[in-house]
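See structure below.
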Amino acid sequence: MKRFQKITERLIEAIFTVSGALTSIVILLIVVFLFKEGFGLFNSPSIESGYTLCVHANNNVEKLSVNEIKKIFDSEIENWKEVGGSDAMIQTFRFDEIFNLYTDTEFGNDYELLPQKLGEVIKNEPNIIAYLPQKYAPTGMKDVKILSTEKIKVTDFFGGSEWIPTATPAPLLGVLPLVLGTLLVSLFAILFALPLGLGVAIYLSELASERSRKIMKPTIELLAGIPSVVYGFFGLVVLVPLIQKTFHLPVGETALAGSIILAIMALPTIITVAEDAMRNTPSAMREASISLGASQWQTIYKVIIPYAMSGISAAVVLGIGRAVGETMAVLMVTGNAAVMPSSLFESVRTIPATIAAELGEAPAGGTHYQALFLLGCILFFITLLISITAELIAKNNINKGT
Amino acid sequence: MNKRTNQIIAFLFFKMLGFLVVGILIWILAFILYNGISVISWDFLSTAPSEGMTSGGIFPAIVGTLYLVIGSIAFAFPLGVMSAIYSSEYAGKGWIVKFIRIMTNNLASIPSIVFGLFGMALFVNTLEFGDSLIAGSLTLGLLVLPLVIRTTEEALKAIPTSMRTASLALGATKLQTISRIVLPMAFPNILTGLILSIGRVSGETAPILFTVAAYFLPKLPESVFDQVMALPYHLYVVATSGTDIEASRPIAYGTAVVLIAIILVMNILVNILRSYFTKKLKSN
Amino acid sequence: MIETKDINFYYGDFHALKNISMKMEANSVTAFIGPSGCGKSTFLRLFNRMNDLIDNTKMTGTCLIEGKDIYDKSYNINNLRRMVGMVFQKPNPFPKSIFENVAYGLRVNHMGDKKFIAQRVEESLKSAALWDEVKDKLKKSALALSGGQQQRLCIARAIAISPSIIMMDEPASALDPISTSKIEELIHSLKKEYTIGIVTHNMQQAKRLSDKTGFFMMGELVEFSDTKKMFLNPEKIQTQNYITGRFG
């Protein structure tokens with residue numbers, strides 16, 4: 001009986017040990033999946049998968065950058081000489097246009113003659129650039145040359161200032177607008193939340209009566225528990241119209257709305273951590289200050305706040321972390337404009353909101369999909385950095401001899 | 001301006017700030033409750049949506065959220081408690097336990113949308129569960145795992161060492177000590193962690209966007225591989241998309257009220273638990 | 001019965017016990033006195049290997065109980081702890097009923113059935129001179145008892161599993177004088193059945209209760225002899241100084 005018990009105990013303890021490794025395993029898996037999918041982006045062709053660009057064989061242009069492709073099809077670049085070719089007007093051709101040139105019967109029952117017809121079009125127009133599905137591309141025909149497409153470049157991704165993932169032929173995947181949007185909204189959120197949160201923390205820690213504390217602490221806990229989507233909803237029906245009216249804007253969905261909502265959401269984090277830090281100031285320090293004639297207020301800003309500074313910094317850092325990672329509330333109030341932000345009173349898009357809004361539309365495995373995963377990697381990395389910073393600050397706190 | 005006036009002004013200012021924050025919360029709650037309470041009725045809670053989400057109820061979403069809560073807690077709670085037991089009772093003080101703690105903290109700070117991405121990549125795609133209850137539950141379970149671990153660890157830490165010492169000195173094994181002494185004493189606080197997790201899971205949208213949530217389902221889920229509707233996702237779509245946003249507004253308010261009610265109830269339960277057990281401890 | 005040979009014990013780099021060699025006879029009471037922090041409690045905890053729970057410690061030397069080396073790898077620790085009971089300085093009853101506290105050791109060591117356990121609980125509470133005070137409220141929480149009663153409960157708890165040795169670490173120092181004298185009476189009566197080691201700061205207590213006394217100072221067993229001799233005619237000057245209250 002004792003033997004059996006011993007074996008069972010050993011088994012259970014082994015299960016405990018494996019469970020202990022669980023969080024580490026999960027983080028490892030997250031990193032692997034995110035990064036594998038995300039960095040696969042730089043191995044993908046820069047024009048939409050399944051498509052290809054064809055030019056006339058005599059055209060001496062060999063390849064085009066993503067920007068050039070976009071400008072050509074947007075008619076911003078109109079002459080081949082601007083991209084290294086001869087001096088001639090570019091003739092853009094999109095796949096659908098073939099149906100205007102020939103009748104359906106000429107393509108054959110199963111469209112087996114389609115590539116041939118496309119090839120003829122290209123042959124007859126030396127300045128053409130045709131954006132065609134790979135399935136029907138006239139490969140191998142004498143007068144047709146397929147443009148090699150570059151793989152998506154790292155600099156284009158991290159430094160590009162346009163995010164238009166559904167653009168054809170080449171999706172524009174520059175994350176700067178999203179990064180800046182995230183920074184703008186989060187920065188102002190902290191700007192609003194920090195003084196307010198610190199003030200409330202001071203009030204709770206030093207000034208509030210026991211009765212007030214009993215009311216306020218559960219209130220703040222409650223604030224912390226309200227789901228993001230409810231905040232977003234409130235922002236949508238109250239804040240957005242309010243901002244629209246007050247600032248006479250065409251729409252109220254702005255970075256400002258996002259900042260305010262995020263500030264409210266980050267408040268509980270900042271308040272609880274900062275208040276904790278201040279309460280932990282040894283009473284000996286407070287008493288020493290008061291006995292030297294300092295008023296309570298002077299004690300607070302001359303003694304307690306400096307002492308609790310690392311705890312307060314940790315509070316700020318954690319608040320930033322909360323703000324940066326928020327998805328739903330921001331998605332619902334900042335509008336849908338993934339463009340470079342120029343003011344608080346315009347619509348912006350943050351990184352988490354982008355992922356949430358676009359992942360449903362992105363075909364699995366495609367470049368858009370991979371780009372969104374890469375955005376997830378960036379987000380993961382940012383929050384990891386924030387978490388480590390908060391840990392280091394906490395360690396510093398302990399070393400100070402608390 | 002002398003010290004005293006300075007202080008009075010400063011203190012008044014801080015008091016105002018305190019009331020401001022309380023005021024904000026009350027504003028939010030009051031606004032939603034005021035607009036949504038009239039929508040709540042037994043019908044609303046027990047019937048399915050109809051006419052393009054402009055009338056009917058939210059019953060499937062309630063059911064879906066319930067299933068997701070059960071699924072995610074069933075996954076995260078036992079594993080989280082066991083992991084916390086390992087860290088607190090077995091792992092000693094060396095680098096292993098420090099490493100685990102860092103990893104748990106990191107997991108806790110990962111944004112919910114990243115969990116959604118991961119859940120989709122792993123459960124929906126690689127493991128081919130598809131958009132399903134099991135994918136959503138596992139994803140939500142991972143999200144809430146650090147919360148369970150943290151609260152359980154705190155609960156275990158609060159048990160005085162003298163209890164463990166006394167037990168071991170009587171010849172009990174470590175496992176017996178944990179199961180007969182430590183866990184029963186820590187139970188109330190562990191329960192708190194459970195309740196907090198339920199509240200968290202009920203309200204999360206981002207992790208379920210791409211792993212389980214559906215806009216409208218004609219019937220209730222019948223297996224773990226089915227999709228479900230869920231309250232937070234329902235609020236999101238009804239408020240921002242759909243055929244007639246204005247007409248669906250009441251439904252949105254009603255959903256928000258239900259969500260807030262869940263959070264309120266969980267919060268109250270936690271506070272009751274805490275004060276009940278503090279009283280019990282004090283009377284001894 | 002109990003024998004130590006050249007025990008050296010280290011907490012990390014700190015040399016807490018230095019070359020301790022001594023013997024304890026069966027059915028005797030041995031007292032350990034000395035200034036605070038000189039290793040008495042550490043020494044006591046050697047015998048039920050409670051020091052094993054502390055990280056970064058090292059021990060050299062041998063510790064024998066009934067001729068067997070209790071630090072040998074093959075020696076079953078749980079059995080050891082059943083055989084060597086311990087009473088701590090601060091009473092630490094479990095937050096369970098009085099009955100369950102005393103029954104705890106029996107249950108975890110799978111000793112006997114329901115009837116046996118109930119019988120042992122009564123016997124132990126009687127031996128601990130607590131039965132009359134609690135026999136009507138066995139199901140009540142142990143935490144509702146007074147400090148002195150809680151300590152006697154802890155003694156009952158330790159006795160219930162029929163150890164042969166009981167180690168007591170300043171068992172009465174946290175109690176009032178009346179409870180203290182009750183505990184001392186108890187120890188006196190327990191001597192008949194158990195081998196007892198007791199750490200105490202109270203020299204009167206050592207004189208009253210023990211057959212032999214060991215004087216610890218700075219980790220060394222400065223003197224170890226019959227109690228009568230130690231207090232009337234100590235051999236070492238340090239012992240003399242401590243006993244007469246010159247320091248400590």
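By convention in this document, the chains of the structure tokens carry letters A, B, ... by their order, each chain's residues are numbered from 1, and ligands are numbered from 1 in the order they are shown.
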Rows by chain and residue number, chain C within 6 Å of chain B, shortest pair, only C-alpha atoms, as a Markdown table:
| residue | atom | partner | partner_atom | distance |
| --- | --- | --- | --- | --- |
| C:Asn78 | CA | B:Gly171 | CA | 4.4 |
| C:Arg81 | CA | B:Gly171 | CA | 4.7 |
| C:Arg82 | CA | B:Gly171 | CA | 4.9 |
| C:Gly105 | CA | B:Leu170 | CA | 5.5 |
| C:Val108 | CA | B:Ala172 | CA | 5.5 |
| C:Leu143 | CA | B:Asn284 | CA | 5.4 |
| C:Ala144 | CA | B:Asn284 | CA | 5.6 |
Report as JSON, numbers by chain all protein, DNA and RNA residues lying within 8 Å of Phe210 of chain B, evaluated on only C-alpha atoms, omitting residues in the same chain fewer than 3 positions from it.
{"A": [359, 360], "B": [116, 117, 120, 131, 206, 207, 213]}
Please dump the current selection as a PDB file, in the first residue's frame; keep C-alpha atoms.
ATOM      1  CA  LEU A 359      -7.001  39.330 -40.422  1.00  0.00           C
ATOM      2  CA  GLY A 360     -10.450  38.114 -41.386  1.00  0.00           C
TER       3      GLY A 360
ATOM      4  CA  GLY B 116      -5.850  35.633 -31.059  1.00  0.00           C
ATOM      5  CA  LEU B 117      -3.198  35.428 -33.753  1.00  0.00           C
ATOM      6  CA  MET B 120      -5.622  31.006 -35.002  1.00  0.00           C
ATOM      7  CA  ASP B 131     -13.110  28.028 -36.108  1.00  0.00           C
ATOM      8  CA  ALA B 206      -9.768  39.801 -29.611  1.00  0.00           C
ATOM      9  CA  PRO B 207      -8.845  36.185 -28.835  1.00  0.00           C
ATOM     10  CA  ALA B 213     -16.792  33.783 -32.992  1.00  0.00           C
TER      11      ALA B 213
END
Per DSSP on the backbone, what are the alpha helix (DSSP H) residues of segment 279-362 of chain A, as a ChimeraX atom specification?
/A:279,283-291,296-299,305-307,309-325,328-333,351-358
Would you return as a list in words the members of segment 99-272 of chain A that DSSP assigns to strand (DSSP E or B) on this structure's backbone?
Ile128, Ile129, Ala130, Tyr131, Leu132, Pro133, Val144, Lys145, Ile146, Ser148, Thr149, Lys151, Trp163, Ile164, Leu172 and Leu173 of chain A
Neighbours of Met83 of chain C within 7 Å (only C-alpha atoms; same-chain residues fewer than 4 positions away dropped), as a ChimeraX atom specification?
/C:79,163-165
If you keep N, CA and C atoms, can you produce a file of those selected residues as an mmCIF file, in the first residue's frame?
data_model
loop_
_atom_site.group_PDB
_atom_site.id
_atom_site.type_symbol
_atom_site.label_atom_id
_atom_site.label_comp_id
_atom_site.auth_asym_id
_atom_site.auth_seq_id
_atom_site.Cartn_x
_atom_site.Cartn_y
_atom_site.Cartn_z
ATOM 1 N N ASN C 79 9.537 7.869 8.136
ATOM 2 C CA ASN C 79 9.568 7.002 9.312
ATOM 3 C C ASN C 79 10.318 7.662 10.448
ATOM 4 N N PRO C 163 5.820 8.275 19.010
ATOM 5 C CA PRO C 163 7.257 8.396 18.755
ATOM 6 C C PRO C 163 8.027 7.797 19.920
ATOM 7 N N SER C 164 9.319 7.545 19.742
ATOM 8 C CA SER C 164 10.088 7.115 20.899
ATOM 9 C C SER C 164 10.876 8.294 21.468
ATOM 10 N N ILE C 165 11.034 9.317 20.610
ATOM 11 C CA ILE C 165 11.821 10.474 21.026
ATOM 12 C C ILE C 165 10.982 11.722 20.804
#
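Proximity ranking of A:Ala329, A:Ile220, A:Thr299, A:Ile215 relative to Phe233 of chain A places A:Ala329 first, based on only C-alpha atoms.
For the pair atom CA of Leu133 of chain B and atom CA of Val69 of chain B, the interatomic distance is 10.4 Å.
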Selection near Met278 of chain A, 8 Å with only C-alpha atoms, sequence-local residues under 2 positions removed, as a list in words
Ile202, Ser205, Ala274, Glu275, Asp276, Asn280, Thr281, Ile304, Ile305, Tyr307, Ala308 and Gly311 of chain A
Only C-alpha atoms, please: the residues just picked out, written as a CSV table (one decimal), in the first residue's frame.
chain,number,residue,atom,x,y,z
A,202,ILE,CA,-1.6,60.1,-3.8
A,205,SER,CA,-2.4,56.4,-0.3
A,274,ALA,CA,1.6,53.7,-7.8
A,275,GLU,CA,-0.6,53.6,-4.7
A,276,ASP,CA,1.1,50.3,-3.6
A,280,ASN,CA,5.1,50.9,1.2
A,281,THR,CA,7.1,53.9,2.2
A,304,ILE,CA,7.3,59.9,-0.4
A,305,ILE,CA,7.2,60.4,-4.1
A,307,TYR,CA,11.1,57.2,-2.5
A,308,ALA,CA,8.3,55.5,-4.4
A,311,GLY,CA,7.3,52.0,-8.1
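For the pair atom CA of Pro218 of chain B and atom CA of Phe129 of chain B, the separation is 20.7 Å.
Non-sequential neighbours of His110 of chain C (distance at most 10 Å, separation of 4 or more positions within a chain, only C-alpha atoms) are Met1 and Lys2 of chain A; Tyr104, Gly105, Leu106 and Ile117 of chain C.
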Save out the residues we just selected, C-alpha atoms, as a JSON list (two decimals), in the first residue's frame.
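Wrote result-v6.json, looks like this:
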[["chain", "number", "residue", "atom", "x", "y", "z"],
["A", 1, "MET", "CA", 0.00, 0.00, 0.00],
["A", 2, "LYS", "CA", 2.80, 2.35, 0.90],
["C", 104, "TYR", "CA", -3.47, 14.18, 11.61],
["C", 105, "GLY", "CA", -0.25, 12.23, 12.23],
["C", 106, "LEU", "CA", -2.16, 8.97, 12.45],
["C", 117, "ILE", "CA", -7.59, 6.69, 15.71]]
The residue from C:Leu221, C:Thr42, C:Met111, C:Asp169 with the smallest atom-to-atom distance to chain A, counting only C-alpha atoms, is C:Met111
Just want the 7 Å neighbourhood of Ala158 of chain C, counted on only C-alpha atoms, with same-chain residues fewer than 4 positions away dropped. Output as a list in words.
Leu170 of chain B; Gly85, Met86 and Cys154 of chain C
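Considering the residues B:Ile134, B:Ile195, B:Leu79, B:Ile190 and counting only C-alpha atoms, Asn267 of chain B has its shortest atom-to-atom contact with B:Ile195.
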Quick one: everything within 9 Å of segment 138-147 of chain B, counting only C-alpha atoms, minus sequence neighbours fewer than 4 positions away in the same chain. Send it as a compact mmCIF listing (two decimals) with C-alpha atoms, in the first residue's frame.
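Just written: result.txt:
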# COMPACT_ATOMS: atom_id res chain seq x y z
CA THR A 23 4.11 29.08 -19.41
CA VAL A 26 3.57 28.57 -24.41
CA LEU B 68 -16.35 29.39 -23.72
CA VAL B 69 -16.05 30.13 -20.01
CA GLY B 71 -14.04 25.34 -21.79
CA SER B 72 -11.30 27.83 -21.02
CA ILE B 73 -11.51 27.44 -17.24
CA ALA B 74 -11.53 23.66 -17.54
CA PHE B 75 -8.27 23.99 -19.40
CA ALA B 76 -6.57 26.81 -17.54
CA PHE B 77 -7.62 26.27 -13.94
CA LEU B 79 -3.04 23.45 -15.18
CA GLY B 80 -2.57 26.89 -13.63
CA THR B 104 4.62 33.93 -16.51
CA ASN B 105 4.88 37.71 -16.22
CA ASN B 106 5.73 37.97 -19.90
CA LEU B 107 2.78 35.81 -20.83
CA ALA B 108 0.57 38.04 -18.71
CA ILE B 110 1.03 39.84 -24.05
CA PRO B 111 -1.86 41.71 -25.69
CA SER B 112 -5.03 39.74 -26.27
CA PHE B 115 -3.22 35.47 -28.36
CA GLY B 116 -5.85 35.63 -31.06
CA PHE B 118 -1.46 32.56 -32.03
CA GLY B 119 -4.69 30.72 -31.38
CA MET B 120 -5.62 31.01 -35.00
CA PHE B 123 -5.48 25.69 -33.16
CA LEU B 133 -15.37 26.07 -29.55
CA ILE B 134 -12.26 24.11 -28.74
CA THR B 151 -3.43 34.36 -7.80
CA THR B 152 -2.77 30.75 -6.81
CA GLY B 193 -8.55 33.72 -8.93
CA LEU B 194 -11.11 31.44 -10.53
CA LEU B 196 -11.60 36.77 -11.70
CA SER B 197 -10.77 34.48 -14.61
CA ILE B 198 -14.43 33.90 -15.36
CA ARG B 200 -11.96 38.09 -17.79
CA VAL B 201 -12.93 35.34 -20.21
CA GLU B 204 -12.55 39.23 -24.15
CA PRO B 207 -8.85 36.19 -28.83
CA ILE B 208 -12.13 34.88 -30.20
CA THR B 211 -10.87 31.33 -33.45
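Take atom CA of Ser50 of chain B and atom CA of Gln227 of chain B: the distance between them is 18.5 Å.
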